[in-house]
Amino acid sequence: MFNPADKKFLSKIEIACGPKVFRPASQSYKEEPRGRWIGKIGAVVAPQNVSEASKILKICSDARVPVIPYGGGTGLVGGQVGANLDSPLILSTERLTKIIDIFPEEHVIVCEAGCTLEDIQNEAKNNNRLFPLSLASKGSARIGGNLATNAGGIGVLRYGNARDLCLGLEVTFPNGEIWSDLRRLRKDNSGYDLKSLLIGSEGSLGLVTAASLRLAPLPRSESTALLFVNSPKAALAALNITQDFVSEGLSAFELLSGQGFSFIKEAMPSVQLPFSKIPDWAILIQLGFGSARNAENSMIKLYEKICYHKLVYDGVLAKSKKESDALWKLRETIPEANRRIGAIASHDLSLPLSEISTFIDRAQIELSSIGRFRINCFGHLGDGNLHFNVFPETGKTKDQYSSQCDVIESVVHDLTVEFKGSVSAEHGIGRSKVKDLIKYSSPVKLDLMRKLKDLFDPNGIMNPGVIIK
Ligand SMILES: Cc1cc2nc3c(=O)[nH]c(=O)nc-3n(C[C@H](O)[C@H](O)[C@H](O)COP(=O)(O)OP(=O)(O)OC[C@H]3O[C@@H](n4cnc5c(N)ncnc54)[C@H](O)[C@@H]3O)c2cc1C
């Protein structure tokens, strides 16, 4: 059905864009962070502007050569790795790195798709503003990839996910057409919301080449605390008290399990933990206010309130920006520790908040009837988003469980759906969860999605195998 990115095809791209568009097909384009998907590559190209991107996509579509849009390569569901394809073209946004404009008084930034998330955060900060999307992968992930996956991260509770932060898009489609809508409007009800459809489409409908994004006021007073709780139920009760007490001042509320800290100790012994006894569960809270309110005082009062309700028994309050950064660094180290231990199965779930505690108990019970595992359950509790990851028992490796992987995933995902949750909260569908999307979605939704795919990409060259076939 598809043709390879062969010499004849590549010479057409060279004529259209010149030789500088080609990049060496290095290993980094073939792998993804967890090493679960390995892809083949025909060639790698990196256009320097939208016009070149449009020419490349049209050539691919006419020649029926599959294209994989590529940002920072940090996606966790295999969307950026063409494991099912023989010789695809990798279309990297790494040269689209211009901040096009910034409007601090409007709280808006406009930038090309290849800007890293961290570059955008820094540019906003230099202008006294906050770009609130924040993920541990911020140094490598590019905004086009963040939008293509509708990334979430730690700031969703207060500021929303990537979709909520996007005001306008520029997108190039496989027929070479460019839709440029980089307006800076908060309100725009002029017809179907194409922007929202394209956000989260994981490169299966078009290539995001630029975006206008919402900024927020930079918090003037911030405070971070890592508090120890006895259970996810206590963590949820603490969340409610926190929201009542500080309302919009709550910037992040993360749930961490003791297993995650144990993994850091086991796999990354050089990392210092700021406590001697590992707690069963912990919550990481970040408050942020404008200059009218002192965050540290509020955090102390909040701690007293939560203690009064006997929900927290100990913790660490950051006394400086450095200590706050260290607590967040610890949180961000958990995925790396997980990677080193090696998960048998990883799940990115969202659940109604009040079901989370029962879900965790039920999932542990059901999994214990299949085998002996270690579970690291952590996530963005304020958003109802859990990373429920299943690991081998001590002394074993994930390869020894390969026959159980599918069963484990089914148990966890079936239970998630039973609790009216989603089996893809923030990472997307990619290549990893296509079967789950089909299993758990309504036929009406799937039919409409297939029709949309055919409409945007009639030759099916945009990231084949991702989301919908
Ligand atoms: C340590 C770590 C922590 C993470 N934490 C979080 C987290 O907290 N929350 C979260 O949501 N995710 C998280 N992720 C996942 C990942 O960082 C996000 O999915 C990120 O948004 C992907 O951006 P990227 O530029 O790396 O995209 P890539 O990995 O390059 O691509 C991801 C998908 O988007 C498509 N794509 C890329 N660029 C474009 C474009 N310009 N136009 C159209 N399609 C495109 C690709 O084809 C692919 O399908 C984490 C990853 C790591 C490694």
# chains A, B, ... in the order shown; residues from 1 in each chain; ligands from 1
$ select_by_dssp --residues "segment 17-195 of chain A" --states "helix (DSSP H, G or I)" --output "number ranges by chain"
A: 17, 19-21, 27-29, 50-63, 104-106, 117-126, 143-148, 156-159, 162-165, 194-195
$ residues_around --residues "segment 291-294 of chain A" --least-positions-apart "3" --cutoff "7 Å" --atoms "only C-alpha atoms" --output "ChimeraX atom specification"
/A:220-221,297-298
$ write_last_selection --atoms "N, CA, C and O atoms" --output "PDB file, in the first residue's frame"
ATOM      1  N   ARG A 220       3.989  35.305  42.263  1.00  0.00           N
ATOM      2  CA  ARG A 220       5.013  36.092  42.978  1.00  0.00           C
ATOM      3  C   ARG A 220       5.437  35.425  44.274  1.00  0.00           C
ATOM      4  O   ARG A 220       6.490  35.726  44.829  1.00  0.00           O
ATOM      5  N   SER A 221       4.562  34.593  44.802  1.00  0.00           N
ATOM      6  CA  SER A 221       4.875  33.937  46.065  1.00  0.00           C
ATOM      7  C   SER A 221       4.474  32.463  45.928  1.00  0.00           C
ATOM      8  O   SER A 221       3.323  32.151  45.645  1.00  0.00           O
ATOM      9  N   ASN A 297       3.210  31.172  54.382  1.00  0.00           N
ATOM     10  CA  ASN A 297       2.279  31.248  55.519  1.00  0.00           C
ATOM     11  C   ASN A 297       1.027  30.412  55.239  1.00  0.00           C
ATOM     12  O   ASN A 297       0.517  29.705  56.119  1.00  0.00           O
ATOM     13  N   SER A 298       0.531  30.511  54.011  1.00  0.00           N
ATOM     14  CA  SER A 298      -0.673  29.737  53.656  1.00  0.00           C
ATOM     15  C   SER A 298      -0.392  28.246  53.740  1.00  0.00           C
ATOM     16  O   SER A 298      -1.240  27.467  54.188  1.00  0.00           O
TER      17      SER A 298
END
$ atom_distance --atom1 "atom CA of Thr116 of chain A" --atom2 "atom CA of Ile90 of chain A"
18.1 Å
$ atom_distance --atom1 "atom CA of Trp179 of chain A" --atom2 "atom CA of Asn49 of chain A"
14.0 Å
$ atom_distance --atom1 "atom CA of Arg214 of chain A" --atom2 "atom 37 (C, counted along the ligand's line) of ligand 1"
19.8 Å
$ select_by_dssp --residues "segment 380-463 of chain A" --states "strand (DSSP E or B)" --output "number ranges by chain"
A: 380, 385-392, 422, 424, 462
$ write_last_selection --atoms "C-alpha atoms" --output "PDB file, in the first residue's frame"
ATOM      1  CA  HIS A 380      -1.519  14.071  39.008  1.00  0.00           C
ATOM      2  CA  ASN A 385      -4.738  10.992  36.544  1.00  0.00           C
ATOM      3  CA  LEU A 386      -2.861   7.919  37.783  1.00  0.00           C
ATOM      4  CA  HIS A 387       0.223   6.280  36.348  1.00  0.00           C
ATOM      5  CA  PHE A 388      -0.455   2.764  37.534  1.00  0.00           C
ATOM      6  CA  ASN A 389       2.716   0.895  36.638  1.00  0.00           C
ATOM      7  CA  VAL A 390       3.337  -2.786  37.325  1.00  0.00           C
ATOM      8  CA  PHE A 391       6.872  -4.075  37.975  1.00  0.00           C
ATOM      9  CA  PRO A 392       8.531  -7.450  38.614  1.00  0.00           C
ATOM     10  CA  SER A 422     -10.224   6.605  30.534  1.00  0.00           C
ATOM     11  CA  SER A 424      -5.455   7.215  28.039  1.00  0.00           C
ATOM     12  CA  MET A 462       0.100  10.688   8.030  1.00  0.00           C
TER      13      MET A 462
END
$ closest_residue --among "A:Lys433, A:Arg142, A:Lys469, A:Lys187" --to "Leu446 of chain A" --atoms "only C-alpha atoms"
A:Lys469
$ residues_around --residues "Thr149 of chain A" --least-positions-apart "3" --cutoff "10 Å" --atoms "only C-alpha atoms" --output "list of chain:residue names"
A:Gly75, A:Leu76, A:Val77, A:Gly79, A:Ile143, A:Gly144, A:Gly145, A:Asn146, A:Gly152, A:Ala162, A:Arg163, A:Leu198, A:Ile199, A:Gly200, A:Ser201, A:Glu202, A:Gly203, A:Glu426, A:His427, A:Gly428, A:Ile429, A:Gly430
$ write_last_selection --atoms "N, CA, C and O atoms" --output "mmCIF file, in the first residue's frame"
data_model
loop_
_atom_site.group_PDB
_atom_site.id
_atom_site.type_symbol
_atom_site.label_atom_id
_atom_site.label_comp_id
_atom_site.auth_asym_id
_atom_site.auth_seq_id
_atom_site.Cartn_x
_atom_site.Cartn_y
_atom_site.Cartn_z
ATOM 1 N N GLY A 75 7.494 11.179 23.407
ATOM 2 C CA GLY A 75 6.170 10.566 23.535
ATOM 3 C C GLY A 75 6.282 9.170 24.152
ATOM 4 O O GLY A 75 7.271 8.460 23.924
ATOM 5 N N LEU A 76 5.270 8.780 24.914
ATOM 6 C CA LEU A 76 5.354 7.517 25.659
ATOM 7 C C LEU A 76 4.427 6.434 25.111
ATOM 8 O O LEU A 76 4.212 5.416 25.773
ATOM 9 N N VAL A 77 3.856 6.653 23.919
ATOM 10 C CA VAL A 77 2.975 5.623 23.349
ATOM 11 C C VAL A 77 3.399 5.219 21.928
ATOM 12 O O VAL A 77 2.606 4.677 21.158
ATOM 13 N N GLY A 79 4.092 6.897 19.258
ATOM 14 C CA GLY A 79 3.560 7.624 18.099
ATOM 15 C C GLY A 79 4.635 8.166 17.170
ATOM 16 O O GLY A 79 4.404 8.335 15.972
ATOM 17 N N ILE A 143 6.874 22.028 21.353
ATOM 18 C CA ILE A 143 5.479 22.427 21.554
ATOM 19 C C ILE A 143 4.553 21.762 20.523
ATOM 20 O O ILE A 143 3.418 21.416 20.839
ATOM 21 N N GLY A 144 5.060 21.538 19.295
ATOM 22 C CA GLY A 144 4.234 20.833 18.303
ATOM 23 C C GLY A 144 3.856 19.451 18.807
ATOM 24 O O GLY A 144 2.716 18.998 18.652
ATOM 25 N N GLY A 145 4.822 18.771 19.443
ATOM 26 C CA GLY A 145 4.564 17.443 20.009
ATOM 27 C C GLY A 145 3.632 17.533 21.211
ATOM 28 O O GLY A 145 2.738 16.707 21.380
ATOM 29 N N ASN A 146 3.815 18.563 22.025
ATOM 30 C CA ASN A 146 2.921 18.760 23.186
ATOM 31 C C ASN A 146 1.479 18.936 22.717
ATOM 32 O O ASN A 146 0.551 18.390 23.320
ATOM 33 N N GLY A 152 -0.368 16.868 29.264
ATOM 34 C CA GLY A 152 -0.952 17.328 30.533
ATOM 35 C C GLY A 152 0.126 17.836 31.473
ATOM 36 O O GLY A 152 0.533 18.971 31.408
ATOM 37 N N ALA A 162 -2.640 21.020 27.349
ATOM 38 C CA ALA A 162 -2.123 21.773 26.180
ATOM 39 C C ALA A 162 -3.270 22.373 25.358
ATOM 40 O O ALA A 162 -3.173 23.510 24.889
ATOM 41 N N ARG A 163 -4.346 21.630 25.236
ATOM 42 C CA ARG A 163 -5.489 22.138 24.444
ATOM 43 C C ARG A 163 -6.042 23.428 25.049
ATOM 44 O O ARG A 163 -6.360 24.373 24.335
ATOM 45 N N LEU A 198 -7.494 19.046 15.919
ATOM 46 C CA LEU A 198 -6.103 18.769 15.527
ATOM 47 C C LEU A 198 -5.210 18.565 16.741
ATOM 48 O O LEU A 198 -4.265 17.782 16.698
ATOM 49 N N ILE A 199 -5.524 19.271 17.838
ATOM 50 C CA ILE A 199 -4.758 19.052 19.074
ATOM 51 C C ILE A 199 -5.109 17.646 19.577
ATOM 52 O O ILE A 199 -6.274 17.285 19.665
ATOM 53 N N GLY A 200 -4.069 16.864 19.848
ATOM 54 C CA GLY A 200 -4.317 15.485 20.286
ATOM 55 C C GLY A 200 -4.434 14.505 19.138
ATOM 56 O O GLY A 200 -4.705 13.328 19.372
ATOM 57 N N SER A 201 -4.216 14.955 17.894
ATOM 58 C CA SER A 201 -4.360 14.026 16.754
ATOM 59 C C SER A 201 -3.059 13.290 16.451
ATOM 60 O O SER A 201 -2.987 12.496 15.513
ATOM 61 N N GLU A 202 -2.007 13.546 17.225
ATOM 62 C CA GLU A 202 -0.771 12.752 17.212
ATOM 63 C C GLU A 202 -0.162 12.583 15.814
ATOM 64 O O GLU A 202 0.304 11.497 15.455
ATOM 65 N N GLY A 203 -0.227 13.629 15.026
ATOM 66 C CA GLY A 203 0.397 13.584 13.705
ATOM 67 C C GLY A 203 -0.345 12.727 12.701
ATOM 68 O O GLY A 203 0.180 12.403 11.638
ATOM 69 N N GLU A 426 -3.285 11.211 29.466
ATOM 70 C CA GLU A 426 -2.507 12.340 28.959
ATOM 71 C C GLU A 426 -1.454 11.947 27.929
ATOM 72 O O GLU A 426 -0.930 12.812 27.248
ATOM 73 N N HIS A 427 -1.129 10.666 27.784
ATOM 74 C CA HIS A 427 -0.050 10.302 26.857
ATOM 75 C C HIS A 427 -0.534 10.093 25.433
ATOM 76 O O HIS A 427 0.256 10.152 24.502
ATOM 77 N N GLY A 428 -1.812 9.834 25.262
ATOM 78 C CA GLY A 428 -2.352 9.617 23.917
ATOM 79 C C GLY A 428 -2.532 8.136 23.613
ATOM 80 O O GLY A 428 -2.383 7.273 24.488
ATOM 81 N N ILE A 429 -2.856 7.851 22.342
ATOM 82 C CA ILE A 429 -3.103 6.479 21.897
ATOM 83 C C ILE A 429 -1.848 5.918 21.211
ATOM 84 O O ILE A 429 -1.434 4.792 21.478
ATOM 85 N N GLY A 430 -1.245 6.741 20.337
ATOM 86 C CA GLY A 430 -0.026 6.323 19.643
ATOM 87 C C GLY A 430 -0.202 4.996 18.950
ATOM 88 O O GLY A 430 -1.266 4.690 18.386
#
$ residues_around --residues "Ile154 of chain A" --least-positions-apart "6" --cutoff "8 Å" --atoms "only C-alpha atoms" --output "list in words"
Leu133, Ser134, Leu135, Ala252, Phe253, Glu254 and His380 of chain A
$ write_last_selection --atoms "C-alpha atoms" --output "JSON list (two decimals), in the first residue's frame"
[["chain", "number", "residue", "atom", "x", "y", "z"],
["A", 133, "LEU", "CA", 2.47, 23.60, 30.72],
["A", 134, "SER", "CA", 5.10, 21.63, 32.59],
["A", 135, "LEU", "CA", 6.39, 18.08, 32.13],
["A", 252, "ALA", "CA", -0.22, 21.28, 41.64],
["A", 253, "PHE", "CA", -1.27, 18.32, 43.77],
["A", 254, "GLU", "CA", 0.61, 15.11, 43.07],
["A", 380, "HIS", "CA", -1.52, 14.07, 39.01]]
$ residues_around --residues "Thr172 of chain A" --least-positions-apart "4" --cutoff "12 Å" --atoms "only C-alpha atoms" --output "ChimeraX atom specification"
/A:49-58,69,91,113,144,176-181,198,203-210,456-457,462
$ residues_around --residues "Asp399 of chain A" --least-positions-apart "3" --cutoff "10 Å" --atoms "only C-alpha atoms" --output "VMD selection string"
chain A and resid 342 to 344 392 396 402 to 405
$ decode --residues "segment 270-281 of chain A" --atoms "all heavy atoms" --output "short mmCIF file (atom, residue, chain, number, x, y, z; two decimals), in the first residue's frame"
data_model
loop_
_atom_site.label_atom_id
_atom_site.label_comp_id
_atom_site.auth_asym_id
_atom_site.auth_seq_id
_atom_site.Cartn_x
_atom_site.Cartn_y
_atom_site.Cartn_z
N SER A 270 22.48 7.33 44.15
CA SER A 270 23.16 8.62 44.41
C SER A 270 22.15 9.74 44.71
O SER A 270 22.52 10.80 45.22
CB SER A 270 24.02 9.01 43.20
OG SER A 270 23.19 9.19 42.09
N VAL A 271 20.86 9.50 44.40
CA VAL A 271 19.84 10.53 44.68
C VAL A 271 19.52 10.53 46.18
O VAL A 271 19.21 9.49 46.76
CB VAL A 271 18.55 10.27 43.86
CG1 VAL A 271 17.46 11.26 44.23
CG2 VAL A 271 18.83 10.32 42.36
N GLN A 272 19.62 11.73 46.78
CA GLN A 272 19.34 11.86 48.22
C GLN A 272 17.84 12.02 48.45
O GLN A 272 17.21 12.88 47.85
CB GLN A 272 20.00 13.14 48.75
CG GLN A 272 21.52 13.10 48.79
CD GLN A 272 22.00 12.33 50.01
OE1 GLN A 272 21.42 12.45 51.09
NE2 GLN A 272 23.04 11.53 49.84
N LEU A 273 17.28 11.20 49.33
CA LEU A 273 15.87 11.37 49.69
C LEU A 273 15.82 12.28 50.93
O LEU A 273 16.63 12.11 51.85
CB LEU A 273 15.23 10.02 50.00
CG LEU A 273 15.19 9.01 48.84
CD1 LEU A 273 14.58 7.69 49.31
CD2 LEU A 273 14.40 9.55 47.66
N PRO A 274 14.87 13.23 50.98
CA PRO A 274 14.86 14.18 52.10
C PRO A 274 14.17 13.62 53.35
O PRO A 274 13.56 14.36 54.11
CB PRO A 274 14.09 15.37 51.54
CG PRO A 274 13.18 14.79 50.52
CD PRO A 274 13.85 13.55 49.98
N PHE A 275 14.20 12.32 53.55
CA PHE A 275 13.61 11.69 54.74
C PHE A 275 14.33 10.35 54.94
O PHE A 275 14.90 9.80 53.99
CB PHE A 275 12.09 11.47 54.56
CG PHE A 275 11.71 11.01 53.18
CD1 PHE A 275 11.88 9.69 52.81
CD2 PHE A 275 11.20 11.91 52.25
CE1 PHE A 275 11.53 9.27 51.53
CE2 PHE A 275 10.86 11.49 50.96
CZ PHE A 275 11.03 10.18 50.60
N SER A 276 14.30 9.86 56.17
CA SER A 276 15.01 8.60 56.41
C SER A 276 14.09 7.38 56.23
O SER A 276 14.49 6.37 55.68
CB SER A 276 15.64 8.60 57.80
OG SER A 276 14.70 9.06 58.72
N LYS A 277 12.84 7.53 56.68
CA LYS A 277 11.91 6.39 56.53
C LYS A 277 10.98 6.66 55.36
O LYS A 277 10.32 7.72 55.33
CB LYS A 277 11.11 6.23 57.84
CG LYS A 277 10.22 5.00 57.84
CD LYS A 277 9.61 4.80 59.23
CE LYS A 277 8.72 3.57 59.31
NZ LYS A 277 7.64 3.47 58.39
N ILE A 278 10.94 5.74 54.44
CA ILE A 278 10.09 5.94 53.26
C ILE A 278 8.61 5.83 53.63
O ILE A 278 8.20 4.83 54.23
CB ILE A 278 10.45 4.92 52.15
CG1 ILE A 278 11.85 5.25 51.60
CG2 ILE A 278 9.43 4.92 51.02
CD1 ILE A 278 12.35 4.34 50.52
N PRO A 279 7.81 6.86 53.30
CA PRO A 279 6.37 6.79 53.65
C PRO A 279 5.63 5.86 52.68
O PRO A 279 6.10 5.62 51.57
CB PRO A 279 5.91 8.23 53.43
CG PRO A 279 6.84 8.77 52.39
CD PRO A 279 8.15 8.08 52.59
N ASP A 280 4.47 5.37 53.10
CA ASP A 280 3.66 4.55 52.18
C ASP A 280 3.15 5.40 51.03
O ASP A 280 3.13 4.99 49.88
CB ASP A 280 2.46 3.95 52.93
CG ASP A 280 2.89 2.80 53.82
OD1 ASP A 280 4.03 2.33 53.63
OD2 ASP A 280 2.11 2.41 54.71
N TRP A 281 2.68 6.59 51.37
CA TRP A 281 2.13 7.50 50.36
C TRP A 281 2.55 8.93 50.70
O TRP A 281 2.74 9.24 51.88
CB TRP A 281 0.59 7.45 50.34
CG TRP A 281 0.05 6.13 49.88
CD1 TRP A 281 -0.34 5.10 50.68
CD2 TRP A 281 -0.14 5.71 48.52
NE1 TRP A 281 -0.76 4.04 49.90
CE2 TRP A 281 -0.66 4.39 48.58
CE3 TRP A 281 0.05 6.30 47.27
CZ2 TRP A 281 -0.97 3.66 47.42
CZ3 TRP A 281 -0.26 5.58 46.12
CH2 TRP A 281 -0.76 4.28 46.21
#
